[in-house]
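Chemist: Okay, so here is structure.cif, and as you'll see once you scroll down, it has mmCIF, C-alpha atoms.
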data_my_file
#
loop_
_atom_site.label_atom_id
_atom_site.label_comp_id
_atom_site.auth_asym_id
_atom_site.auth_seq_id
_atom_site.Cartn_x
_atom_site.Cartn_y
_atom_site.Cartn_z
CA MET A 1 -13.04 11.64 -88.53
CA THR A 2 -12.67 8.16 -89.93
CA ALA A 3 -11.22 7.27 -93.29
CA GLY A 4 -13.85 7.07 -95.95
CA ALA A 5 -16.29 9.30 -94.02
CA LEU A 6 -17.67 12.14 -96.09
CA LEU A 7 -17.30 15.65 -94.72
CA PRO A 8 -20.76 17.30 -94.64
CA TRP A 9 -20.78 20.64 -96.41
CA ARG A 10 -21.76 22.52 -93.26
CA GLN A 11 -18.75 21.10 -91.41
CA GLY A 12 -16.50 21.75 -94.37
CA LEU A 13 -17.64 25.36 -94.56
CA ALA A 14 -17.32 25.82 -90.79
CA TYR A 15 -13.69 24.72 -90.92
CA GLY A 16 -12.76 26.32 -94.22
CA LEU A 17 -14.32 29.77 -93.79
CA LEU A 18 -11.35 31.12 -91.83
CA GLY A 19 -9.31 30.54 -94.98
CA LEU A 20 -11.15 33.51 -96.52
CA PRO A 21 -9.70 36.28 -94.29
CA LEU A 22 -6.32 34.53 -94.10
CA ALA A 23 -6.02 34.60 -97.89
CA PHE A 24 -7.63 38.04 -97.99
CA VAL A 25 -4.75 39.44 -95.95
CA ALA A 26 -2.14 37.54 -97.96
CA LEU A 27 -2.81 39.48 -101.16
CA PRO A 28 -2.34 42.94 -99.56
CA LEU A 29 0.79 41.73 -97.77
CA TYR A 30 2.51 40.01 -100.67
CA VAL A 31 1.12 41.66 -103.82
CA LEU A 32 -0.33 45.12 -103.04
CA LEU A 33 2.13 46.29 -100.39
CA PRO A 34 5.32 46.51 -102.53
CA ASN A 35 3.50 48.49 -105.21
CA HIS A 36 1.73 50.66 -102.60
CA TYR A 37 4.94 51.74 -100.84
CA ALA A 38 6.83 52.27 -104.10
CA ARG A 39 4.18 54.44 -105.75
CA GLU A 40 2.40 56.15 -102.85
CA PHE A 41 5.39 56.87 -100.63
CA GLY A 42 8.21 56.86 -103.18
CA MET A 43 10.21 54.19 -101.37
CA PRO A 44 13.14 53.07 -103.59
CA LEU A 45 12.94 49.47 -104.80
CA ALA A 46 16.28 48.60 -103.17
CA THR A 47 15.08 49.88 -99.77
CA LEU A 48 11.70 48.24 -100.19
CA GLY A 49 13.31 44.94 -101.15
CA GLY A 50 15.55 45.07 -98.09
CA VAL A 51 12.64 45.74 -95.73
CA LEU A 52 10.55 42.95 -97.23
CA LEU A 53 13.46 40.52 -97.22
CA ALA A 54 14.24 41.16 -93.55
CA ALA A 55 10.61 40.91 -92.45
CA ARG A 56 9.87 37.82 -94.48
CA LEU A 57 13.03 36.04 -93.35
CA PHE A 58 12.00 36.66 -89.74
CA ASP A 59 8.53 35.42 -90.62
CA ALA A 60 9.94 32.28 -92.20
CA VAL A 61 12.32 31.49 -89.32
CA SER A 62 9.57 31.94 -86.73
CA ASP A 63 7.15 29.51 -88.42
CA PRO A 64 8.76 26.26 -87.19
CA LEU A 65 8.68 27.61 -83.62
CA LEU A 66 5.04 28.59 -84.07
CA GLY A 67 4.36 25.09 -85.35
CA ARG A 68 5.90 23.57 -82.24
CA TRP A 69 3.79 25.93 -80.13
CA ALA A 70 0.67 24.85 -82.05
CA ASP A 71 1.37 21.20 -81.16
CA ARG A 72 1.57 22.17 -77.50
CA LEU A 73 -1.73 24.04 -77.73
CA PHE A 74 -3.39 21.01 -79.29
CA GLU A 75 -2.08 18.91 -76.40
CA ARG A 76 -3.94 21.16 -74.01
CA SER A 77 -7.26 21.34 -75.87
CA PRO A 78 -8.91 22.64 -79.04
CA LEU A 79 -10.22 25.53 -76.92
CA ALA A 80 -6.64 26.62 -76.22
CA VAL A 81 -6.00 26.70 -79.96
CA LEU A 82 -9.14 28.74 -80.58
CA SER A 83 -8.42 31.20 -77.77
CA THR A 84 -4.89 31.85 -78.96
CA GLY A 85 -6.23 32.27 -82.48
CA ALA A 86 -8.62 34.95 -81.29
CA VAL A 87 -5.76 37.01 -79.87
CA SER A 88 -3.77 36.59 -83.08
CA ALA A 89 -6.77 37.72 -85.12
CA VAL A 90 -7.00 41.00 -83.21
CA VAL A 91 -3.28 41.68 -83.56
CA LEU A 92 -3.45 40.85 -87.25
CA ALA A 93 -6.26 43.32 -87.95
CA VAL A 94 -4.52 46.13 -86.07
CA GLY A 95 -1.12 45.43 -87.65
CA LEU A 96 -2.44 45.39 -91.21
CA THR A 97 -4.24 48.70 -90.72
CA ALA A 98 -1.10 50.35 -89.33
CA LEU A 99 0.92 48.96 -92.22
CA PHE A 100 -1.19 50.57 -94.94
CA PHE A 101 -1.74 53.83 -93.04
CA PRO A 102 1.65 54.76 -91.57
CA LYS A 103 1.79 57.53 -88.98
CA VAL A 104 5.32 58.71 -89.83
CA GLN A 105 7.03 60.63 -92.60
CA GLY A 106 10.49 60.47 -94.12
CA GLN A 107 12.14 57.53 -95.82
CA GLY A 108 14.05 56.30 -92.77
CA ALA A 109 11.10 56.51 -90.40
CA LEU A 110 8.80 55.00 -93.01
CA ALA A 111 11.12 52.04 -93.56
CA ALA A 112 11.35 51.43 -89.79
CA TRP A 113 7.56 51.69 -89.41
CA ALA A 114 6.99 49.24 -92.26
CA LEU A 115 9.49 46.77 -90.81
CA VAL A 116 7.99 46.78 -87.31
CA CYS A 117 4.41 46.55 -88.57
CA LEU A 118 5.37 43.73 -90.91
CA LEU A 119 7.02 41.76 -88.11
CA VAL A 120 3.96 42.05 -85.87
CA THR A 121 1.49 41.35 -88.66
CA TYR A 122 3.40 38.38 -90.01
CA LEU A 123 3.72 36.84 -86.55
CA ALA A 124 -0.04 36.98 -85.90
CA TYR A 125 -0.86 35.84 -89.44
CA SER A 126 1.49 32.88 -89.23
CA GLN A 127 0.28 31.71 -85.82
CA LEU A 128 -3.33 31.74 -86.95
CA GLY A 129 -2.58 30.10 -90.29
CA ILE A 130 -0.44 27.29 -88.91
CA ALA A 131 -2.98 26.45 -86.21
CA HIS A 132 -5.77 26.37 -88.80
CA GLN A 133 -3.81 24.16 -91.19
CA SER A 134 -2.81 21.79 -88.40
CA TRP A 135 -6.44 21.53 -87.29
CA GLY A 136 -7.47 20.39 -90.78
CA ALA A 137 -4.67 17.83 -90.99
CA ARG A 138 -5.68 16.40 -87.60
CA LEU A 139 -9.18 15.67 -88.91
CA GLY A 140 -7.65 12.74 -90.82
CA GLY A 141 -9.39 10.67 -93.50
CA ASP A 142 -8.24 9.00 -96.70
CA GLU A 143 -6.61 10.70 -99.68
CA LEU A 144 -9.82 12.04 -101.19
CA GLN A 145 -11.13 13.17 -97.81
CA ARG A 146 -7.91 15.05 -97.05
CA SER A 147 -8.10 16.77 -100.41
CA ARG A 148 -11.69 17.79 -99.68
CA ILE A 149 -10.74 19.28 -96.32
CA VAL A 150 -7.97 21.30 -97.95
CA ALA A 151 -10.31 22.24 -100.80
CA TRP A 152 -12.83 23.78 -98.39
CA ARG A 153 -10.07 25.87 -96.87
CA GLU A 154 -8.51 26.88 -100.18
CA GLY A 155 -11.87 27.44 -101.88
CA ALA A 156 -12.80 29.95 -99.18
CA ALA A 157 -9.30 31.38 -99.49
CA LEU A 158 -9.80 32.08 -103.16
CA VAL A 159 -13.02 33.95 -102.44
CA GLY A 160 -11.01 36.05 -100.00
CA VAL A 161 -8.33 36.74 -102.57
CA VAL A 162 -10.91 37.81 -105.17
CA LEU A 163 -12.43 40.23 -102.67
CA ALA A 164 -9.02 41.59 -101.75
CA SER A 165 -8.14 42.06 -105.41
CA VAL A 166 -11.20 44.14 -106.32
CA LEU A 167 -12.04 46.08 -103.16
CA PRO A 168 -8.99 48.41 -103.03
CA ALA A 169 -9.56 49.68 -106.57
CA LEU A 170 -13.34 49.85 -106.38
CA LEU A 171 -13.96 51.08 -102.83
CA GLY A 172 -10.55 52.00 -101.42
CA LEU A 173 -8.22 50.67 -98.76
CA PRO A 174 -10.37 51.63 -95.72
CA VAL A 175 -13.29 49.58 -97.02
CA MET A 176 -10.96 46.68 -97.82
CA LEU A 177 -9.63 46.69 -94.26
CA GLY A 178 -13.14 46.89 -92.78
CA VAL A 179 -14.33 43.94 -94.84
CA PHE A 180 -11.21 42.01 -93.81
CA ALA A 181 -11.89 42.62 -90.10
CA ALA A 182 -15.52 41.49 -90.46
CA ALA A 183 -14.48 38.36 -92.37
CA LEU A 184 -11.91 37.56 -89.69
CA VAL A 185 -14.59 37.68 -86.97
CA LEU A 186 -16.97 35.50 -88.98
CA GLY A 187 -14.22 33.02 -89.85
CA TRP A 188 -13.21 32.61 -86.22
CA LEU A 189 -16.85 32.17 -85.10
CA ALA A 190 -17.32 29.49 -87.76
CA TRP A 191 -14.12 27.77 -86.60
CA LEU A 192 -15.72 27.45 -83.16
CA ARG A 193 -18.39 25.24 -84.74
CA ALA A 194 -16.07 23.20 -86.94
CA PRO A 195 -15.48 19.47 -86.36
CA ARG A 196 -12.79 19.03 -83.74
CA PRO A 197 -9.74 16.77 -83.98
CA ALA A 198 -9.74 13.62 -81.90
CA PRO A 199 -8.07 14.16 -78.51
CA VAL A 200 -4.65 12.61 -78.05
CA ALA A 201 -2.71 11.71 -74.97
CA PRO A 202 -0.22 14.45 -74.05
CA HIS A 203 3.34 13.65 -74.96
CA ALA A 204 6.58 15.19 -73.78
CA THR A 205 7.18 17.93 -76.35
CA ASP A 206 10.87 18.69 -76.58
CA ARG A 207 13.34 20.25 -78.97
CA ALA A 208 13.52 17.05 -81.02
CA ASP A 209 9.89 17.55 -82.07
CA LEU A 210 10.86 20.71 -83.91
CA TRP A 211 13.24 18.79 -86.18
CA ARG A 212 11.21 15.60 -86.42
CA PRO A 213 9.87 16.27 -89.96
CA TRP A 214 13.43 16.51 -91.28
CA THR A 215 14.11 12.93 -90.22
CA ARG A 216 11.45 11.77 -92.69
CA PRO A 217 12.73 11.28 -96.28
CA ALA A 218 9.18 11.56 -97.63
CA PHE A 219 8.84 15.03 -96.13
CA ARG A 220 12.22 16.20 -97.42
CA ARG A 221 11.41 15.15 -100.98
CA LEU A 222 7.96 16.64 -100.97
CA LEU A 223 9.28 19.87 -99.48
CA ALA A 224 11.94 20.13 -102.19
CA VAL A 225 9.24 20.03 -104.87
CA PHE A 226 7.10 22.49 -102.92
CA VAL A 227 9.97 24.98 -102.59
CA LEU A 228 10.85 24.92 -106.28
CA ASN A 229 7.23 25.33 -107.27
CA GLY A 230 6.74 28.07 -104.69
CA ILE A 231 9.63 30.18 -105.96
CA ALA A 232 8.18 29.91 -109.46
CA SER A 233 4.90 31.33 -108.15
CA ALA A 234 6.37 33.94 -105.81
CA VAL A 235 8.26 35.90 -108.46
CA PRO A 236 5.25 36.81 -110.65
CA ALA A 237 3.13 37.43 -107.53
CA THR A 238 5.62 40.11 -106.48
CA LEU A 239 5.88 41.67 -109.94
CA VAL A 240 2.35 41.37 -111.36
CA LEU A 241 1.21 44.94 -110.69
CA PHE A 242 4.44 46.36 -112.10
CA PHE A 243 3.90 44.24 -115.24
CA ILE A 244 0.29 45.36 -115.63
CA GLN A 245 1.04 49.05 -115.10
CA ASP A 246 4.29 49.40 -117.04
CA ARG A 247 4.56 46.54 -119.54
CA LEU A 248 0.87 46.37 -120.51
CA GLN A 249 0.18 50.02 -119.57
CA ALA A 250 -3.35 48.95 -118.69
CA PRO A 251 -5.77 51.46 -117.13
CA PRO A 252 -5.92 51.24 -113.32
CA GLY A 253 -9.51 50.03 -113.47
CA GLN A 254 -8.41 46.84 -115.20
CA GLU A 255 -6.12 45.64 -112.41
CA PRO A 256 -8.95 44.12 -110.32
CA MET A 257 -10.26 42.40 -113.46
CA PHE A 258 -6.97 40.56 -114.03
CA LEU A 259 -6.57 39.50 -110.41
CA ALA A 260 -10.22 38.51 -110.03
CA ALA A 261 -10.14 36.41 -113.21
CA TYR A 262 -7.02 34.61 -111.99
CA PHE A 263 -8.32 33.72 -108.54
CA LEU A 264 -11.94 33.14 -109.55
CA CYS A 265 -10.89 30.60 -112.18
CA ALA A 266 -8.68 28.94 -109.56
CA ALA A 267 -11.68 28.61 -107.24
CA LEU A 268 -13.91 27.23 -109.98
CA SER A 269 -11.25 24.73 -111.04
CA ILE A 270 -10.86 23.05 -107.65
CA PRO A 271 -13.88 20.68 -108.00
CA LEU A 272 -12.54 19.60 -111.40
CA TRP A 273 -9.08 18.93 -109.99
CA LEU A 274 -10.62 16.88 -107.15
CA ARG A 275 -12.28 14.67 -109.74
CA ALA A 276 -8.91 14.27 -111.39
CA VAL A 277 -7.41 13.27 -108.01
CA ALA A 278 -9.98 10.48 -107.69
CA ARG A 279 -8.76 9.10 -111.01
CA TRP A 280 -5.04 9.85 -111.17
CA GLY A 281 -3.98 10.54 -107.59
CA LEU A 282 -2.62 13.67 -105.96
CA ALA A 283 0.91 13.72 -107.37
CA ARG A 284 0.02 13.07 -111.01
CA THR A 285 -2.74 15.66 -110.89
CA TRP A 286 -0.35 18.23 -109.41
CA LEU A 287 2.14 17.48 -112.19
CA GLY A 288 -0.58 18.11 -114.78
CA GLY A 289 -1.32 21.47 -113.17
CA MET A 290 2.35 22.49 -113.29
CA LEU A 291 2.66 21.67 -116.99
CA LEU A 292 -0.56 23.52 -117.77
CA ALA A 293 0.79 26.58 -115.94
CA VAL A 294 3.97 26.61 -118.06
CA ALA A 295 2.07 26.09 -121.32
CA VAL A 296 -0.20 29.03 -120.56
CA PHE A 297 1.97 31.52 -118.69
CA GLY A 298 4.86 31.42 -121.15
CA TRP A 299 2.77 33.50 -123.56
CA THR A 300 3.07 36.54 -121.30
CA ALA A 301 6.69 37.01 -122.43
CA GLY A 302 5.42 38.27 -125.79
CA LEU A 303 2.78 40.65 -124.45
CA GLY A 304 3.18 44.42 -124.50
CA THR A 305 1.32 47.70 -124.52
CA GLY A 306 -2.42 47.28 -125.05
CA ASP A 307 -2.48 43.47 -124.77
CA SER A 308 -5.03 43.51 -121.97
CA MET A 309 -7.41 40.93 -123.42
CA PRO A 310 -4.72 38.32 -124.19
CA PHE A 311 -3.35 38.85 -120.68
CA LEU A 312 -6.84 38.36 -119.25
CA ALA A 313 -7.03 35.00 -121.04
CA VAL A 314 -3.63 34.05 -119.63
CA CYS A 315 -4.82 35.03 -116.14
CA ALA A 316 -7.93 32.86 -116.45
CA LEU A 317 -6.09 29.77 -117.70
CA SER A 318 -3.23 30.26 -115.24
CA GLY A 319 -5.86 30.43 -112.52
CA VAL A 320 -7.12 27.01 -113.54
CA ALA A 321 -3.60 25.66 -113.12
CA LEU A 322 -3.30 27.43 -109.77
CA GLY A 323 -6.09 25.23 -108.42
CA THR A 324 -3.66 22.32 -108.11
CA ASP A 325 -1.08 24.40 -106.24
CA LEU A 326 -3.69 25.40 -103.69
CA ALA A 327 -5.59 22.16 -103.05
CA LEU A 328 -3.08 19.36 -103.56
CA PRO A 329 0.29 20.03 -101.85
CA GLY A 330 -1.33 20.42 -98.41
CA ALA A 331 -3.23 17.16 -98.91
CA LEU A 332 0.03 15.46 -99.89
CA LEU A 333 1.65 16.75 -96.71
CA ALA A 334 -1.23 15.44 -94.61
CA GLY A 335 -0.64 12.07 -96.25
CA VAL A 336 3.03 12.20 -95.30
CA VAL A 337 2.15 12.95 -91.67
CA ALA A 338 -0.30 10.05 -91.58
CA ALA A 339 2.07 7.62 -93.30
CA GLU A 340 4.87 8.44 -90.86
CA GLY A 341 2.66 7.75 -87.85
CA ASP A 342 2.79 11.37 -86.64
CA SER A 343 -0.92 12.13 -86.88
CA GLY A 344 -2.43 13.82 -83.85
CA GLN A 345 0.95 14.79 -82.39
CA HIS A 346 3.28 16.63 -84.74
CA GLU A 347 1.14 18.34 -87.40
CA GLY A 348 2.23 21.74 -86.11
CA ALA A 349 5.90 20.93 -86.64
CA TYR A 350 5.25 19.76 -90.20
CA PHE A 351 3.15 22.78 -91.14
CA GLY A 352 5.57 25.10 -89.39
CA TRP A 353 8.37 24.01 -91.69
CA TRP A 354 5.94 23.96 -94.63
CA ASN A 355 5.06 27.59 -94.00
CA PHE A 356 8.74 28.37 -93.47
CA ALA A 357 9.34 27.24 -97.03
CA THR A 358 6.43 29.32 -98.32
CA LYS A 359 7.65 32.47 -96.58
CA LEU A 360 11.24 31.88 -97.67
CA ASN A 361 10.09 31.77 -101.27
CA LEU A 362 8.25 35.05 -100.88
CA ALA A 363 11.18 36.63 -99.07
CA LEU A 364 13.62 35.70 -101.80
CA ALA A 365 11.23 36.82 -104.54
CA ALA A 366 10.90 40.31 -103.05
CA GLY A 367 14.36 40.64 -101.53
CA LEU A 368 16.23 39.55 -104.63
CA ALA A 369 13.96 40.29 -107.60
CA LEU A 370 13.21 43.92 -106.74
CA PRO A 371 16.82 45.03 -106.14
CA LEU A 372 17.94 43.04 -109.19
CA LEU A 373 15.38 44.80 -111.37
CA ASP A 374 16.57 48.10 -109.93
CA ALA A 375 20.19 47.24 -110.73
CA LEU A 376 19.30 46.20 -114.29
CA GLY A 377 17.64 49.51 -115.05
CA TYR A 378 13.96 49.01 -114.29
CA THR A 379 12.15 51.58 -112.14
CA PRO A 380 8.37 51.78 -111.59
CA GLY A 381 6.80 53.95 -114.27
CA THR A 382 9.60 53.40 -116.79
CA ARG A 383 8.91 53.30 -120.52
CA SER A 384 12.42 52.42 -121.68
CA ALA A 385 12.69 49.35 -123.89
CA GLU A 386 15.55 47.90 -121.84
CA GLY A 387 13.69 48.29 -118.55
CA LEU A 388 10.48 46.76 -119.90
CA GLN A 389 12.38 43.85 -121.43
CA THR A 390 14.03 43.16 -118.10
CA LEU A 391 10.64 43.26 -116.40
CA GLY A 392 9.19 40.83 -118.95
CA LEU A 393 12.02 38.34 -118.53
CA ALA A 394 11.73 38.44 -114.73
CA TYR A 395 7.94 38.20 -114.73
CA ALA A 396 7.37 35.58 -117.45
CA VAL A 397 10.46 33.62 -118.50
CA LEU A 398 12.11 32.99 -115.13
CA PRO A 399 8.96 31.59 -113.44
CA CYS A 400 8.31 29.19 -116.32
CA ALA A 401 11.86 27.86 -116.13
CA LEU A 402 11.55 27.35 -112.39
CA LYS A 403 8.15 25.66 -112.80
CA LEU A 404 9.66 23.16 -115.24
CA VAL A 405 12.39 22.36 -112.73
CA ALA A 406 9.69 21.81 -110.07
CA ALA A 407 7.76 19.51 -112.42
CA ALA A 408 10.90 17.46 -113.07
CA ALA A 409 11.54 17.22 -109.33
CA LEU A 410 7.97 16.04 -108.73
CA TYR A 411 8.35 13.37 -111.38
CA PHE A 412 11.76 12.06 -110.33
CA LEU A 413 11.62 12.56 -106.55
CA ILE A 414 8.06 11.37 -106.01
CA LEU A 415 6.45 9.56 -108.93
CA ARG A 416 9.62 7.63 -109.85
CA GLN A 417 10.88 7.00 -106.31
CA SER A 418 9.67 3.61 -105.09
CA PRO A 419 10.75 4.18 -101.45
CA LEU A 420 8.50 7.23 -101.21
CA ALA A 421 5.67 5.53 -103.06
CA ALA A 422 5.89 2.59 -100.68
CA ALA A 423 5.77 4.89 -97.67
CA ILE A 424 2.90 6.96 -99.06
CA PRO A 425 0.70 4.97 -101.43
CA SER A 426 -1.58 7.96 -101.90
CA LEU A 427 1.19 9.77 -103.80
CA GLN A 428 0.77 7.28 -106.60
CA GLY A 429 -2.06 7.49 -109.08
CA LYS A 430 -4.92 5.07 -108.70
CA PRO A 431 -4.81 2.04 -111.05
#
Represent the structure of the file as structure tokens.

Modeler:
Amino acid sequence: MTAGALLPWRQGLAYGLLGLPLAFVALPLYVLLPNHYAREFGMPLATLGGVLLAARLFDAVSDPLLGRWADRLFERSPLAVLSTGAVSAVVLAVGLTALFFPKVQGQGALAAWALVCLLVTYLAYSQLGIAHQSWGARLGGDELQRSRIVAWREGAALVGVVLASVLPALLGLPVMLGVFAAALVLGWLAWLRAPRPAPVAPHATDRADLWRPWTRPAFRRLLAVFVLNGIASAVPATLVLFFIQDRLQAPPGQEPMFLAAYFLCAALSIPLWLRAVARWGLARTWLGGMLLAVAVFGWTAGLGTGDSMPFLAVCALSGVALGTDLALPGALLAGVVAAEGDSGQHEGAYFGWWNFATKLNLALAAGLALPLLDALGYTPGTRSAEGLQTLGLAYAVLPCALKLVAAAALYFLILRQSPLAAAIPSLQGKP
């Protein structure tokens, strides 16, 4: 795909549709699962945090290796990528089903079952996700075109998240898993018809390729911003259902409403953010989204019992800010790959480390926040003032502080750094 060429909507949808089931599965894995095991099976928060931390650390460490493998598959042919993705899709569907419907009893056996199922599910999910992201980056194009490619993927992803947020409460987990399996089949079939990356001459893939992104200062700076911002988002994602159920004491039927409002507004905001990119550039637009998120989400610290409608407004406006986190960082990374001359060869390595950072954020959020809350006196279902205050501080205040640090890093490491701007002109706003 040449720079400046517009991506027809049919091609954009064919590529992006797989993002729907991949995001669909992300919400059960990262948001629903901790609450499900704590409330349905009585797993202590400290045990649950340990299981999630171990599984997610393994998931994070394996991503760079999966990225290197993806580069090798692309060397062979797009068909090799698609075939491997089909196998991963089957494993993913089976693993997720086993995770939510364990066949064992007892805390020890349940913890072991959850750990094994998580390892298998994460491995399949990561392989499929990294290959799909690398495919999009290899399509090339200018700054706006790259953002459109990512927007198709993330727009479909948000539809998947909305479905995953409402189906469990409305129709139950079995229906949710059935819809997920069907969406996975449709997404893979659409991927077969997506525009294919330009073929490249095979190169000698060696161990150095795995570490190649770390030799690029532009990548290191962008990744630092991405990690800080990701931690700020991972903490409330882990704690949101606890906050809704215990701090707001909202009826169970309202949970899908909050999640749907958040992700639906994010989906609707993406076209508006793309127009902002055309005017201000990727980095400045992302900075605006971060500051909007802090301005809106900080209000949750003052919410309490019965404040469902104010929280719904916060969810909607925070969702608008989320649009930048979804559509822009991946486009910035694709720009780094292109600027460094690594297009068509090393996208898998870059996205492997990128996903490593994402998973590390989620691992730390679950593995540290849940045991810390437990140690500070919060337990699911508590009504004590001290426990609810601790939950509010962890859910609302800490993420806002981290988001401000990420915004400062974006400003000083990217927008104010002339070496990076010279290497990647697209990180600067347009004059």

Chemist: Hey, what's within 10 Å of region 372-389 of chain A if we count all atoms listed in the file and toss same-chain stuff fewer than 5 positions away? As number ranges by chain, please?

Modeler: A: 35, 38-39, 42, 44-46, 49, 241-243, 245-249, 301-302, 304, 366-367, 394-395

Chemist: Just to confirm, what's the straight-line distance from CA of Glu255 (chain A) to CA of Thr238 (chain A) in Å (one decimal)?

Modeler: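 One can read the CA of Glu255 (chain A) to CA of Thr238 (chain A) distance as 14.3 Å.
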
Chemist: In terms of the shortest atom-to-atom distance over all atoms listed in the file, which of A:Pro236, A:Pro256, A:Pro78, A:Gly392 is closest to Trp135 (chain A)?

Modeler: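 Residue with the minimum atom-to-atom distance to Trp135 (chain A): A:Pro78.
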
Chemist: Please indicate the distance in Å from CA of Gly178 (chain A) to CA of Tyr30 (chain A), rounded to one decimal place.

Modeler: 18.8 Å

Chemist: Check which residues satisfy the PyMOL selection byres ((chain A and resi 258) around 9) in the file shown, then give them as a PDB file with C-alpha atoms, in the coordinates of the input.

Modeler:
ATOM      1  CA  SER A 165      -8.140  42.060-105.410  1.00  0.00           C
ATOM      2  CA  ILE A 244       0.290  45.360-115.630  1.00  0.00           C
ATOM      3  CA  GLN A 254      -8.410  46.840-115.200  1.00  0.00           C
ATOM      4  CA  GLU A 255      -6.120  45.640-112.410  1.00  0.00           C
ATOM      5  CA  PRO A 256      -8.950  44.120-110.320  1.00  0.00           C
ATOM      6  CA  MET A 257     -10.260  42.400-113.460  1.00  0.00           C
ATOM      7  CA  LEU A 259      -6.570  39.500-110.410  1.00  0.00           C
ATOM      8  CA  ALA A 260     -10.220  38.510-110.030  1.00  0.00           C
ATOM      9  CA  ALA A 261     -10.140  36.410-113.210  1.00  0.00           C
ATOM     10  CA  TYR A 262      -7.020  34.610-111.990  1.00  0.00           C
ATOM     11  CA  PHE A 263      -8.320  33.720-108.540  1.00  0.00           C
ATOM     12  CA  SER A 308      -5.030  43.510-121.970  1.00  0.00           C
ATOM     13  CA  PHE A 311      -3.350  38.850-120.680  1.00  0.00           C
ATOM     14  CA  LEU A 312      -6.840  38.360-119.250  1.00  0.00           C
ATOM     15  CA  ALA A 313      -7.030  35.000-121.040  1.00  0.00           C
ATOM     16  CA  CYS A 315      -4.820  35.030-116.140  1.00  0.00           C
ATOM     17  CA  ALA A 316      -7.930  32.860-116.450  1.00  0.00           C
TER      18      ALA A 316
END

Chemist: Using only C-alpha atoms, find the one residue out of A:Arg212, A:Val314, A:Val235, A:Gly19 that sits nearest to Thr300 (chain A).

Modeler: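 Looking only at the distances to Thr300 (chain A), the closest residue turns out to be A:Val314.
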